[in-house]
Each structure stands twice: as C-alpha cells, then as structure tokens.
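Note: the block below is query31.csv and it holds CSV, C-alpha atoms and all ligand atoms.
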chain,number,residue,atom,x,y,z
Y,1,MET,CA,0.0,0.0,0.0
Y,2,ARG,CA,1.3,3.4,-0.9
Y,3,ARG,CA,1.6,5.8,2.1
Y,4,SER,CA,-0.8,8.3,0.4
Y,5,VAL,CA,-3.5,5.6,0.4
Y,6,ALA,CA,-2.9,5.0,4.1
Y,7,ALA,CA,-3.1,8.8,4.7
Y,8,ARG,CA,-6.3,9.0,2.8
Y,9,LEU,CA,-7.8,6.1,4.8
Y,10,MET,CA,-7.0,8.0,8.0
Y,11,ARG,CA,-8.3,11.3,6.6
Y,12,GLU,CA,-11.6,9.7,5.7
Y,13,ARG,CA,-12.1,8.4,9.2
Y,14,LEU,CA,-11.1,11.4,11.3
Y,15,ALA,CA,-13.8,13.4,13.0
Y,16,PRO,CA,-14.0,17.1,12.0
Y,17,SER,CA,-12.8,18.1,15.5
Y,18,ASP,CA,-9.6,16.0,15.5
Y,19,VAL,CA,-6.2,17.6,15.7
Y,20,VAL,CA,-3.3,16.1,13.9
Y,21,VAL,CA,0.4,16.0,14.8
Y,22,CYS,CA,2.5,14.8,11.9
Y,23,GLY,CA,6.1,13.4,12.0
Y,24,LEU,CA,8.6,14.8,9.5
Y,25,GLY,CA,9.7,13.4,6.1
Y,26,SER,CA,7.4,11.4,3.9
Y,27,THR,CA,4.7,11.3,6.6
Y,28,ALA,CA,4.3,15.1,6.4
Y,29,ARG,CA,4.4,15.1,2.6
Y,30,ALA,CA,1.7,12.4,2.4
Y,31,TRP,CA,-0.5,14.2,4.9
Y,32,ARG,CA,-0.1,17.6,3.2
Y,33,GLU,CA,-1.3,16.0,-0.1
Y,34,GLN,CA,-4.6,15.1,1.6
Y,35,ASN,CA,-5.4,18.8,2.1
Y,36,ALA,CA,-7.3,17.8,5.2
Y,37,PRO,CA,-9.2,20.5,7.0
Y,38,HIS,CA,-7.9,19.5,10.5
Y,39,PRO,CA,-5.5,21.7,12.3
Y,40,THR,CA,-2.1,20.0,11.9
Y,41,TYR,CA,1.1,20.6,13.7
Y,42,TYR,CA,4.0,19.5,11.5
Y,43,ALA,CA,6.9,18.4,13.7
Y,44,SER,CA,10.4,19.2,12.3
Y,45,ASP,CA,14.0,18.7,13.0
Y,46,PRO,CA,15.4,16.9,14.9
Y,47,MET,CA,13.8,13.6,14.3
Y,48,GLY,CA,12.1,11.9,17.3
Y,49,MET,CA,10.1,14.9,18.5
Y,50,ALA,CA,6.7,14.2,17.1
Y,51,PRO,CA,5.4,11.7,19.7
Y,52,ALA,CA,6.5,13.9,22.7
Y,53,LEU,CA,4.8,16.9,21.0
Y,54,ALA,CA,1.6,14.9,20.5
Y,55,LEU,CA,1.7,13.7,24.2
Y,56,GLY,CA,2.1,17.3,25.4
Y,57,LEU,CA,-0.7,18.5,23.2
Y,58,ALA,CA,-3.0,15.7,24.3
Y,59,LEU,CA,-2.3,16.5,28.0
Y,60,ALA,CA,-2.7,20.3,27.4
Y,61,ARG,CA,-6.0,19.9,25.4
Y,62,PRO,CA,-8.0,17.0,26.9
Y,63,ASP,CA,-11.0,18.5,25.1
Y,64,ARG,CA,-9.6,17.5,21.7
Y,65,ARG,CA,-8.6,14.2,20.3
Y,66,ILE,CA,-5.0,14.2,19.1
Y,67,VAL,CA,-4.0,11.9,16.2
Y,68,LEU,CA,-0.3,11.4,15.7
Y,69,LEU,CA,0.9,10.3,12.2
Y,70,GLU,CA,4.4,9.0,12.6
Y,71,GLY,CA,7.2,7.4,10.7
Y,72,ASP,CA,9.0,4.3,11.9
Y,73,GLY,CA,12.4,6.1,11.7
Y,74,ASP,CA,11.2,9.0,13.7
Y,75,LEU,CA,9.8,6.7,16.4
Y,76,ALA,CA,12.9,4.5,16.4
Y,77,MET,CA,14.9,7.7,17.2
Y,78,ASN,CA,13.1,8.1,20.5
Y,79,LEU,CA,11.7,4.7,21.4
Y,80,GLY,CA,11.6,5.6,25.1
Y,81,VAL,CA,8.7,7.9,24.4
Y,82,LEU,CA,6.5,4.8,24.1
Y,83,ILE,CA,7.0,4.2,27.8
Y,84,THR,CA,6.4,7.9,28.7
Y,85,ILE,CA,3.2,7.9,26.7
Y,86,ALA,CA,1.9,4.7,28.2
Y,87,GLY,CA,2.7,6.0,31.6
Y,88,ALA,CA,0.6,9.2,31.0
Y,89,ALA,CA,-2.0,7.2,29.0
Y,90,PRO,CA,-4.0,10.2,27.8
Y,91,ALA,CA,-7.3,8.9,26.7
Y,92,ASN,CA,-7.5,11.4,23.8
Y,93,LEU,CA,-4.3,10.3,22.0
Y,94,ARG,CA,-4.2,7.9,19.0
Y,95,VAL,CA,-1.2,7.0,17.0
Y,96,ALA,CA,-0.6,5.6,13.5
Y,97,VAL,CA,3.0,4.6,12.6
Y,98,PHE,CA,3.8,4.2,9.0
Y,99,ILE,CA,6.3,1.3,8.6
Y,100,ASN,CA,8.6,1.4,5.6
Y,101,ASP,CA,11.7,0.0,7.3
Y,102,ARG,CA,13.8,2.8,6.1
Y,103,TYR,CA,14.6,6.5,6.3
Y,104,GLU,CA,12.9,7.4,3.1
Y,105,THR,CA,13.5,11.1,3.4
Y,106,GLY,CA,17.2,11.6,3.1
Y,107,GLY,CA,18.0,8.6,0.9
Y,108,GLY,CA,16.1,5.5,1.8
Y,109,GLN,CA,18.8,4.0,4.1
Y,110,PRO,CA,17.5,0.9,5.9
Y,111,LEU,CA,16.5,1.3,9.6
Y,112,PRO,CA,18.7,-0.7,12.0
Y,113,ASN,CA,17.3,-4.2,12.1
Y,114,ALA,CA,14.9,-3.3,9.4
Y,115,GLY,CA,12.1,-5.9,8.8
Y,116,ARG,CA,12.6,-7.6,12.2
Y,117,ILE,CA,11.2,-4.9,14.5
Y,118,SER,CA,7.6,-5.2,15.7
Y,119,TYR,CA,6.4,-1.7,16.8
Y,120,VAL,CA,3.1,-3.2,18.2
Y,121,THR,CA,5.2,-5.6,20.4
Y,122,LEU,CA,7.3,-2.7,21.6
Y,123,ALA,CA,4.2,-0.6,22.3
Y,124,ALA,CA,2.5,-3.5,24.1
Y,125,GLY,CA,5.6,-4.2,26.1
Y,126,ALA,CA,5.7,-0.5,27.1
Y,127,GLY,CA,2.2,-0.9,28.4
Y,128,TRP,CA,0.0,0.5,25.6
Y,129,PRO,CA,-3.5,-0.7,26.3
Y,130,TRP,CA,-4.4,-1.3,22.6
Y,131,THR,CA,-2.4,-1.9,19.4
Y,132,GLY,CA,-3.1,-3.2,15.9
Y,133,GLU,CA,-1.0,-4.0,12.8
Y,134,ALA,CA,-2.1,-3.5,9.2
Y,135,HIS,CA,-0.4,-5.1,6.2
Y,136,ASP,CA,-2.9,-4.1,3.5
Y,137,GLU,CA,-5.6,-1.5,2.7
Y,138,ALA,CA,-8.5,-3.5,4.1
Y,139,GLN,CA,-6.7,-4.1,7.4
Y,140,ALA,CA,-5.7,-0.4,7.6
Y,141,ALA,CA,-9.3,0.7,7.0
Y,142,ARG,CA,-10.6,-1.6,9.7
Y,143,LEU,CA,-7.9,-0.8,12.2
Y,144,PHE,CA,-8.0,3.0,11.7
Y,145,ALA,CA,-11.8,2.8,12.3
Y,146,ALA,CA,-11.2,0.7,15.4
Y,147,LEU,CA,-8.5,3.0,16.7
Y,148,LEU,CA,-10.8,6.0,16.4
Y,149,GLU,CA,-13.6,4.3,18.1
Y,150,LEU,CA,-11.5,3.5,21.2
Y,151,PRO,CA,-12.2,5.3,24.4
Y,152,GLN,CA,-8.5,5.2,25.2
Y,153,LEU,CA,-4.9,5.4,24.0
Y,154,GLY,CA,-4.1,3.2,21.0
Y,155,LEU,CA,-1.5,2.6,18.2
Y,156,VAL,CA,-1.8,1.1,14.8
Y,157,ALA,CA,1.4,0.1,12.9
Y,158,VAL,CA,0.6,0.2,9.1
Y,159,HIS,CA,3.0,-1.2,6.6
Y,160,VAL,CA,3.6,1.0,3.5
Y,161,ASP,CA,5.6,0.6,0.3
Y,162,ALA,CA,9.0,2.0,0.0
Y,163,GLU,CA,8.8,4.9,-2.5
Y,164,GLU,CA,10.9,7.6,-4.0
Y,165,SER,CA,10.6,10.5,-1.7
Y,166,PRO,CA,13.2,13.3,-2.2
Y,167,TYR,CA,13.1,16.5,-0.3
Y,168,PRO,CA,10.8,19.0,-2.0
Y,169,PRO,CA,12.7,21.3,-4.4
Y,170,GLY,CA,11.8,24.5,-2.5
Y,171,PRO,CA,9.7,26.0,0.3
Y,172,GLY,CA,6.0,25.5,0.3
Y,173,PRO,CA,3.4,28.3,0.1
Y,174,THR,CA,3.8,28.9,3.8
Y,175,SER,CA,6.8,29.0,6.1
Y,176,GLN,CA,7.2,26.7,9.1
Y,177,ALA,CA,6.7,29.7,11.4
Y,178,GLU,CA,3.5,30.6,9.5
Y,179,ASP,CA,2.2,27.0,9.7
Y,180,ARG,CA,2.7,27.1,13.5
Y,181,ALA,CA,1.1,30.5,14.0
Y,182,LEU,CA,-1.9,29.3,12.0
Y,183,PHE,CA,-2.1,26.1,14.0
Y,184,GLN,CA,-2.0,28.0,17.4
Y,185,ARG,CA,-4.6,30.5,16.2
Y,186,ARG,CA,-7.0,27.8,15.0
Y,187,LEU,CA,-6.7,25.8,18.3
Y,188,SER,CA,-7.3,28.9,20.4
Y,189,ASP,CA,-10.1,30.2,18.1
Y,190,GLU,CA,-11.9,26.8,18.2
Y,191,ARG,CA,-12.0,26.7,22.0
F,1,LIG,C1,18.4,13.7,14.2
F,1,LIG,C2,18.1,13.8,12.7
F,1,LIG,N1,18.8,13.0,11.9
F,1,LIG,C3,18.5,13.1,10.5
F,1,LIG,C4,17.6,13.9,10.1
F,1,LIG,C5,17.3,14.0,8.6
F,1,LIG,N2,16.0,13.3,8.3
F,1,LIG,C6,14.8,14.0,8.1
F,1,LIG,S1,13.5,12.9,7.9
F,1,LIG,C7,14.5,11.6,7.9
F,1,LIG,C8,13.9,10.2,7.8
F,1,LIG,C9,12.7,10.0,8.7
F,1,LIG,O1,12.4,8.6,8.7
F,1,LIG,P1,11.0,8.1,8.9
F,1,LIG,O2,10.4,8.7,10.1
F,1,LIG,O3,11.0,6.6,8.8
F,1,LIG,O4,10.2,8.7,7.7
F,1,LIG,P2,10.3,8.4,6.2
F,1,LIG,O5,11.1,9.5,5.6
F,1,LIG,O6,10.8,7.1,6.0
F,1,LIG,O7,8.9,8.5,5.8
F,1,LIG,C10,15.8,11.9,8.1
F,1,LIG,C11,16.9,10.9,8.2
F,1,LIG,C12,16.8,14.7,11.0
F,1,LIG,N3,15.9,15.5,10.6
F,1,LIG,N4,17.1,14.6,12.3

Would you give me this structure, written as structure tokens?
Ligand SMILES: Cc1ncc(C[n+]2csc(CCOP(=O)(O)OP(=O)(O)O)c2C)c(N)n1
Amino acid sequence: MRRSVAARLMRERLAPSDVVVCGLGSTARAWREQNAPHPTYYASDPMGMAPALALGLALARPDRRIVLLEGDGDLAMNLGVLITIAGAAPANLRVAVFINDRYETGGGQPLPNAGRISYVTLAAGAGWPWTGEAHDEAQAARLFAALLELPQLGLVAVHVDAEESPYPPGPGPTSQAEDRALFQRRLSDER
C-alpha cells in the first residue's frame, strides 16, 4: 500500500474536531497531499520529537482528540517515548505509525534491524492498552476505524511501500513559522 493511500484512509475516518500531529519526512508530505481541514502541527528537526509533542498537546488539550501520524524512523529515534506515553496514558491520543523499514526522506537507508522490528510488540511491552498492525488496505481501513472508536490510547502500525521521496525542491506556500502560528490560532479560536 502506498503511504498516500494510508493517509487518505485515515483522513476519511477522522472526526472534524480531530487535531493532527505529523512526523517529519514522507509522513508530512503524504498528509499535506490530503489537504485535510484538520489543524495540523508539522513536527520538524530533529527527528524523534513528534510523539512527545503529541503527548504534550494531548495533555494540554483534553477537550480535543489528538491523532499522531508518525514514521518508523522518527519513532525509532526516540523509542523511550512509548513508555512515557503509556505512563501518562492520555485517553485522547491515538497514533498511526507508517512502517517502511527505512529513512525514506534523506536517501532510503534501511533502519537498524529493518524488517525484524515489531512496533506493536514494543508498544504493548511498554504498556500501551491497545495496538493493531495492518499489512494491506482492508486491514488499515478496519484498524483505523477501530483506533478512532477506542475510548483510550491506541496505536496502529501500518506497513507501507518504499517509495521515491526526495526532499521537496523548495519551500511550500507557507513557512514553518506561519504554519505554526496558524495552528496555534486555530486551536485557540476553536476553544
Ligand atoms: C536527528 C536527525 N537526523 C537526521 C535527520 C534527517 N531526516 C529527516 S527525515 C528523515 C527520515 C525519517 O524517517 P521516517 O520517520 O521513517 O520517515 P520516512 O522519511 O521514511 O517516511 C531523516 C533521516 C533529522 N531530521 N534529524
């Protein structure tokens, strides 16, 4: 399954009030392509920050559901955060990890121990109350729906194809600072 398909499956299942936190690299590109209306915080360098940002946001805004879209390389950079999140267990946080076994952005180098890591096992071992793993589109559709129906913290690992994913040639229509200001303004206006 292409990552853009997985991103679309998630977009189609989100509630209008959901807030998205997006890991960097191909995850962010696939999510931007969806043109989703949801307020989205795009995490940036260094790698490994997105899950902690999503946790902070979930704790700060218990009135909103926070959906983290994450890359396996980004998560592998900061695996301990799985324990921190399980410890805090915010009921309003949901996570989808896109597994492509490589650092697609930046050259496609394989992740350490690529293909032999189970993120659902790692999350379950860290104490996450609910996990699921999708290998194809039908499973992803079903598990994203299940994730979003949960009353609690959950994580879906979804396997996606390796793709060509170079850095974009230039800056997008808005700068990172503008993206963040817009995100903050939307979250406070929607209170
Ligand atoms: C600490 C650090 N090292 C390297 C990079 C450069 N970099 C940006 S995205 C990325 C790959 C991210 O991997 P993953 O989360 O699996 O996303 P993918 O690009 O595979 O979708 C790399 C190596 C960085 N931003 N931060």

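Excluding Asp136 (chain Y) and any residue on its chain fewer than 5 positions from it, the residues at most 8 Å away by only C-alpha atoms are Met1, Val158 and His159 of chain Y.
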
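Residues of protein, DNA or RNA having any atom at most 7 Å from ligand LIG 1 (chain F), counting only C-alpha atoms and all ligand atoms, are Gly23, Leu24, Gly25, Ser26, Thr27, Ser44, Asp45, Pro46, Met47, Glu70, Gly71, Asp72, Gly73, Asp74, Leu75, Asn100, Asp101, Arg102, Tyr103, Glu104, Thr105, Gly106 and Gly108 of chain Y.
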
Which residues come within 9 Å of region 176-182 of chain Y, counting all atoms listed in the file, excluding same-chain residues fewer than 6 positions away, as a PyMOL selection string? chain Y and resi 39-42+44

Report, in Å to a single decimal, how far apart CA of Thr131 (chain Y) and CA of Glu149 (chain Y) are. 12.9 Å

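Distances here use all atoms listed in the file; by that measure, the residue among Y:Thr174, Y:Thr121, Y:Ser165, Y:Asn92 closest to Val19 (chain Y) is Y:Asn92.
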
Excluding same-chain residues fewer than 3 positions from Leu68 (chain Y), what lies within 6 Å of it counting only C-alpha atoms, as a ChimeraX atom specification? /Y:20-22,95

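Of the listed residues Y:Ala30, Y:Met10, Y:Ile83, Y:Leu59, the one whose atoms come nearest to Leu143 (chain Y) is Y:Met10, with distances taken using only C-alpha atoms.
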
For Asp63 (chain Y), which residue among Y:Trp31, Y:Leu93, Y:Arg8, Y:Phe144 is the nearest when counting all atoms listed in the file? Y:Leu93

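CA of Glu190 (chain Y) to CA of Arg65 (chain Y) spans 13.2 Å [interatomic distance, one decimal].
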
Return the single residue from Y:Pro90, Y:Pro37, Y:Gly80, Y:Gly154 that is closest to Leu55 (chain Y), with distances computed using all atoms listed in the file. Y:Pro90

Ranking Y:Leu69, Y:Ala146, Y:Ala43, Y:Val97 by minimum distance to Val160 (chain Y) and counting only C-alpha atoms, which one comes first? Y:Val97

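Minimum distance to Pro173 (chain Y) across Y:Glu12, Y:Leu150, Y:Gly56, Y:Arg32 (counting only C-alpha atoms) occurs at Y:Arg32.
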
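Taking CA of Ala6 (chain Y) and CA of Arg191 (chain Y) as the two end points, the separation is 29.6 Å.
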
Please identify all polymer residues within 8 Å of Ala91 (chain Y), counting only C-alpha atoms, omitting same-chain residues fewer than 4 positions from it, and present them as a JSON list (two decimals) with C-alpha atoms, keeping the file's coordinate frame.
[["chain", "number", "residue", "atom", "x", "y", "z"],
["Y", 151, "PRO", "CA", -12.20, 5.30, 24.40],
["Y", 152, "GLN", "CA", -8.50, 5.20, 25.20],
["Y", 153, "LEU", "CA", -4.90, 5.40, 24.00]]

Have region 55-74 of chain Y completed to N, CA and C atoms, please, and pass it along as a short mmCIF file (atom, residue, chain, number, x, y, z; two decimals), in the frame of the given file.
data_model
loop_
_atom_site.label_atom_id
_atom_site.label_comp_id
_atom_site.auth_asym_id
_atom_site.auth_seq_id
_atom_site.Cartn_x
_atom_site.Cartn_y
_atom_site.Cartn_z
N LEU Y 55 2.05 14.02 22.76
CA LEU Y 55 1.70 13.70 24.20
C LEU Y 55 1.43 15.06 24.90
N GLY Y 56 2.31 16.03 24.72
CA GLY Y 56 2.10 17.30 25.40
C GLY Y 56 0.82 17.97 24.99
N LEU Y 57 0.52 17.90 23.70
CA LEU Y 57 -0.70 18.50 23.20
C LEU Y 57 -1.95 17.77 23.78
N ALA Y 58 -1.86 16.44 23.82
CA ALA Y 58 -3.00 15.70 24.30
C ALA Y 58 -3.23 16.00 25.82
N LEU Y 59 -2.16 16.20 26.57
CA LEU Y 59 -2.30 16.50 28.00
C LEU Y 59 -2.82 17.97 28.17
N ALA Y 60 -2.35 18.85 27.30
CA ALA Y 60 -2.70 20.30 27.40
C ALA Y 60 -4.18 20.50 26.96
N ARG Y 61 -4.64 19.69 26.00
CA ARG Y 61 -6.00 19.90 25.40
C ARG Y 61 -6.82 18.62 25.53
N PRO Y 62 -7.22 18.24 26.75
CA PRO Y 62 -8.00 17.00 26.90
C PRO Y 62 -9.38 17.12 26.24
N ASP Y 63 -9.76 18.35 25.82
CA ASP Y 63 -11.00 18.50 25.10
C ASP Y 63 -10.98 18.16 23.67
N ARG Y 64 -9.78 17.89 23.14
CA ARG Y 64 -9.60 17.50 21.70
C ARG Y 64 -8.97 16.18 21.60
N ARG Y 65 -9.35 15.44 20.55
CA ARG Y 65 -8.60 14.20 20.30
C ARG Y 65 -7.43 14.52 19.39
N ILE Y 66 -6.28 13.98 19.78
CA ILE Y 66 -5.00 14.20 19.10
C ILE Y 66 -4.64 12.96 18.34
N VAL Y 67 -4.40 13.08 17.02
CA VAL Y 67 -4.00 11.90 16.20
C VAL Y 67 -2.60 12.17 15.70
N LEU Y 68 -1.67 11.33 16.14
CA LEU Y 68 -0.30 11.40 15.70
C LEU Y 68 -0.07 10.53 14.48
N LEU Y 69 0.42 11.09 13.39
CA LEU Y 69 0.90 10.30 12.20
C LEU Y 69 2.37 10.31 12.27
N GLU Y 70 2.96 9.11 12.27
CA GLU Y 70 4.40 9.00 12.60
C GLU Y 70 5.12 8.09 11.66
N GLY Y 71 6.40 8.34 11.45
CA GLY Y 71 7.20 7.40 10.70
C GLY Y 71 8.01 6.49 11.58
N ASP Y 72 8.34 5.31 11.06
CA ASP Y 72 9.00 4.30 11.90
C ASP Y 72 10.45 4.83 12.29
N GLY Y 73 11.11 5.55 11.36
CA GLY Y 73 12.40 6.10 11.70
C GLY Y 73 12.38 7.10 12.77
N ASP Y 74 11.38 7.96 12.69
CA ASP Y 74 11.20 9.00 13.70
C ASP Y 74 10.95 8.38 15.07
#
